Amino acid sequence: MSHDAVGAPGTPRRYLHSLWLLSARDLKVRYATSSLGYLWSVLDPLVMSAIYWFVFTQIFHRSVGEEPYIVFLIVALLPWVWFNTSVSDFTRAFRKDSRLVRSTAIPRSIWVNRIVLSKGIEFLFSMPVLVLFAVFSGATVSWSLLWFPVAVVMQVVLLVGLGLLVAPLCVLYTDLERTTALILRALFYASPVIYSFRDLPDPFHIIGAFNPLAGIFTLYRVGFFPELWDPVPVLISAVMCVLIFAAGTWTFRALERPVLKEL
């Protein structure tokens with residue numbers, strides 16, 4: 001494996017500069033080719049929130065979630081969109097820019113990390129929407145909102161680990177791209193987005209704790225709904241994020257040569 005594969009020592013500034021340029025390029029392409037531009041960062045979660053809010057408050061009797069339910073939904077849907085779009089793009093991370101991946105000397109992990117960064121910036125761009133809904137719906141805020149940046153850090157670690165795992169595997173096994181799409185559809189309903197972790201009945205309560213998104217979404221929500229605090233999924237999620245990051249790093253190192261040959 002080449003020394004450049006996961007980062008040459010003494011070049012963090014070059015790496016960060018290249019990471020920023022690639023991420024900025026992604027954002028410029030996304031917004032420059034769209035008449036709605038920035039609105040696309042919030043339109044998807046807004047439409048999803050409106051649909052679920054209408055279904056579970058106006059049509060069916062809802063026994064899960066908290067009030068105001070629209071804030072409860074948005075505070076988890078926004079990071080879910082970050083997660084979902086990132087993992088979807090991981091499946092094409094190397095094939096999309098295969099010529100650059102082969103020819104550039106920068107560490108090839110950058111093709112994963114630039115997705116995490118660009119999608120993360122879009123996530124941050126969508127925060128005013130959450131603030132507006134929280135204000136107009138009368139949601140209260142507590143000091144537990146300080147857990148919000150911790151949730152962001154945990155999600156970054158999780159996404160980088162998944163990216164380093166998924167991206168090379170999808171080059172070697174092309175069917176994994178469609179498989180990943182199916183897994184993401186199922187994972188949406190298996191994750192506490194339209195419900196909270198404490199709404200899960202046994203034995204799903206125990207199984208659900210090992211979904212790293214359970215603890216992450218709990219941390220996102222406790223600033224508005226402190227009663228949802230539960231250290232069990234949070235601690236398990238933290239451990240799962242570290243394990244997935246370690247597994248992704250090892251997989252990326254092991255598969256870099258076969259991936260380059262395949263490209």
# chains A, B, ... in the order shown; residues from 1 in each chain; ligands from 1
>>> residues_around(residues="A:Phe252", least_positions_apart="2", cutoff="8 Å", atoms="only C-alpha atoms", output="PyMOL selection string")
chain A and resi 164-165+168+248-250+254-256
>>> select_by_dssp(residues="stretch 68-252 of chain A", states="helix (DSSP H, G or I)", output="VMD selection string")
chain A and resid 69 to 90 93 to 96 98 to 103 110 to 125 127 to 136 143 to 172 176 to 190 197 to 199 204 to 208 212 to 221 226 to 228 231 to 252
>>> closest_atom_pairs(of="stretch 122-210 of chain A", to="stretch 57-72 of chain A", cutoff="10 Å", atoms="only C-alpha atoms", output="CSV")
residue,atom,partner,partner_atom,distance
A:Val129,CA,A:Val71,CA,9.9
A:Leu130,CA,A:Val71,CA,7.0
A:Val131,CA,A:Val71,CA,9.1
A:Leu132,CA,A:Val71,CA,9.6
A:Phe133,CA,A:Val71,CA,6.3
A:Ala134,CA,A:Val71,CA,6.0
A:Val135,CA,A:Val71,CA,9.6
A:Phe136,CA,A:Val71,CA,9.9
A:Ser137,CA,A:Pro68,CA,6.5
A:Gly138,CA,A:Pro68,CA,7.7
A:Ala139,CA,A:Pro68,CA,6.5
A:Thr140,CA,A:Pro68,CA,9.6
A:Pro192,CA,A:Gly65,CA,9.3
A:Val193,CA,A:Phe72,CA,8.4
A:Ile194,CA,A:Gly65,CA,6.9
A:Tyr195,CA,A:Gly65,CA,4.9
A:Ser196,CA,A:Gly65,CA,5.8
A:Phe197,CA,A:Gly65,CA,9.3
A:Arg198,CA,A:Val64,CA,9.1
A:Asp199,CA,A:Val64,CA,6.1
A:Leu200,CA,A:Val64,CA,9.2
>>> write_last_selection(atoms="C-alpha atoms", output="short mmCIF file (atom, residue, chain, number, x, y, z; two decimals), in the first residue's frame")
data_model
loop_
_atom_site.label_atom_id
_atom_site.label_comp_id
_atom_site.auth_asym_id
_atom_site.auth_seq_id
_atom_site.Cartn_x
_atom_site.Cartn_y
_atom_site.Cartn_z
CA VAL A 129 -35.24 26.03 9.95
CA LEU A 130 -35.07 24.18 13.27
CA VAL A 131 -34.71 27.48 15.13
CA LEU A 132 -37.73 29.00 13.37
CA PHE A 133 -39.98 26.02 14.07
CA ALA A 134 -38.82 25.90 17.69
CA VAL A 135 -39.66 29.60 18.14
CA PHE A 136 -43.05 29.55 16.41
CA SER A 137 -44.18 26.30 18.05
CA GLY A 138 -43.24 27.50 21.51
CA ALA A 139 -40.65 24.80 22.17
CA THR A 140 -38.57 25.28 25.30
CA PRO A 192 -35.79 6.80 16.38
CA VAL A 193 -36.79 9.49 13.90
CA ILE A 194 -40.60 9.51 14.02
CA TYR A 195 -40.49 8.07 17.54
CA SER A 196 -38.04 8.28 20.44
CA PHE A 197 -35.78 5.58 21.81
CA ARG A 198 -37.87 5.26 24.95
CA ASP A 199 -40.95 4.49 22.81
CA LEU A 200 -39.40 1.17 21.76
#
>>> decode(residues="stretch 90-163 of chain A", atoms="C-alpha atoms", output="mmCIF file, in the first residue's frame")
data_model
loop_
_atom_site.group_PDB
_atom_site.id
_atom_site.type_symbol
_atom_site.label_atom_id
_atom_site.label_comp_id
_atom_site.auth_asym_id
_atom_site.auth_seq_id
_atom_site.Cartn_x
_atom_site.Cartn_y
_atom_site.Cartn_z
ATOM 1 C CA PHE A 90 -20.226 6.828 -0.265
ATOM 2 C CA THR A 91 -21.341 4.080 -2.631
ATOM 3 C CA ARG A 92 -20.131 6.183 -5.595
ATOM 4 C CA ALA A 93 -17.291 8.058 -3.891
ATOM 5 C CA PHE A 94 -14.451 6.448 -5.884
ATOM 6 C CA ARG A 95 -16.132 5.619 -9.177
ATOM 7 C CA LYS A 96 -17.500 9.156 -9.577
ATOM 8 C CA ASP A 97 -13.984 10.653 -9.628
ATOM 9 C CA SER A 98 -12.005 7.544 -10.548
ATOM 10 C CA ARG A 99 -9.456 9.396 -12.682
ATOM 11 C CA LEU A 100 -8.627 11.833 -9.880
ATOM 12 C CA VAL A 101 -8.550 9.040 -7.297
ATOM 13 C CA ARG A 102 -5.909 7.202 -9.344
ATOM 14 C CA SER A 103 -3.795 10.200 -10.317
ATOM 15 C CA THR A 104 -3.698 12.500 -7.277
ATOM 16 C CA ALA A 105 -1.085 12.147 -4.552
ATOM 17 C CA ILE A 106 -3.335 13.294 -1.700
ATOM 18 C CA PRO A 107 -4.547 10.590 0.717
ATOM 19 C CA ARG A 108 -7.476 8.785 -0.845
ATOM 20 C CA SER A 109 -9.527 8.932 2.342
ATOM 21 C CA ILE A 110 -10.237 12.505 1.276
ATOM 22 C CA TRP A 111 -12.841 11.236 -1.221
ATOM 23 C CA VAL A 112 -14.845 9.958 1.730
ATOM 24 C CA ASN A 113 -14.194 12.843 4.098
ATOM 25 C CA ARG A 114 -15.173 15.487 1.561
ATOM 26 C CA ILE A 115 -18.651 13.926 1.409
ATOM 27 C CA VAL A 116 -18.967 14.010 5.203
ATOM 28 C CA LEU A 117 -17.846 17.649 5.259
ATOM 29 C CA SER A 118 -19.997 18.944 2.385
ATOM 30 C CA LYS A 119 -23.119 17.177 3.656
ATOM 31 C CA GLY A 120 -22.301 18.343 7.172
ATOM 32 C CA ILE A 121 -22.148 21.948 5.973
ATOM 33 C CA GLU A 122 -25.566 21.498 4.356
ATOM 34 C CA PHE A 123 -26.798 20.155 7.707
ATOM 35 C CA LEU A 124 -25.526 23.293 9.454
ATOM 36 C CA PHE A 125 -27.141 25.444 6.745
ATOM 37 C CA SER A 126 -30.490 23.877 7.659
ATOM 38 C CA MET A 127 -30.275 24.851 11.354
ATOM 39 C CA PRO A 128 -32.219 28.140 10.907
ATOM 40 C CA VAL A 129 -35.240 26.034 9.948
ATOM 41 C CA LEU A 130 -35.068 24.183 13.266
ATOM 42 C CA VAL A 131 -34.714 27.481 15.130
ATOM 43 C CA LEU A 132 -37.725 29.000 13.366
ATOM 44 C CA PHE A 133 -39.979 26.018 14.070
ATOM 45 C CA ALA A 134 -38.816 25.904 17.685
ATOM 46 C CA VAL A 135 -39.661 29.595 18.141
ATOM 47 C CA PHE A 136 -43.047 29.551 16.410
ATOM 48 C CA SER A 137 -44.175 26.299 18.049
ATOM 49 C CA GLY A 138 -43.239 27.501 21.514
ATOM 50 C CA ALA A 139 -40.647 24.799 22.168
ATOM 51 C CA THR A 140 -38.572 25.280 25.298
ATOM 52 C CA VAL A 141 -34.779 25.017 25.374
ATOM 53 C CA SER A 142 -32.666 23.725 28.259
ATOM 54 C CA TRP A 143 -28.963 23.590 29.059
ATOM 55 C CA SER A 144 -29.023 20.072 27.605
ATOM 56 C CA LEU A 145 -28.723 21.791 24.222
ATOM 57 C CA LEU A 146 -24.975 21.705 24.943
ATOM 58 C CA TRP A 147 -25.110 18.016 23.982
ATOM 59 C CA PHE A 148 -25.937 19.069 20.404
ATOM 60 C CA PRO A 149 -22.292 19.587 19.299
ATOM 61 C CA VAL A 150 -21.390 16.267 20.956
ATOM 62 C CA ALA A 151 -23.987 14.596 18.735
ATOM 63 C CA VAL A 152 -22.441 16.311 15.691
ATOM 64 C CA VAL A 153 -18.963 14.994 16.593
ATOM 65 C CA MET A 154 -20.301 11.467 17.147
ATOM 66 C CA GLN A 155 -22.095 11.568 13.791
ATOM 67 C CA VAL A 156 -18.923 12.724 12.034
ATOM 68 C CA VAL A 157 -16.966 9.807 13.552
ATOM 69 C CA LEU A 158 -19.730 7.386 12.561
ATOM 70 C CA LEU A 159 -19.963 8.696 8.993
ATOM 71 C CA VAL A 160 -16.214 8.701 8.403
ATOM 72 C CA GLY A 161 -16.028 5.115 9.642
ATOM 73 C CA LEU A 162 -18.943 4.035 7.453
ATOM 74 C CA GLY A 163 -17.497 5.876 4.466
#
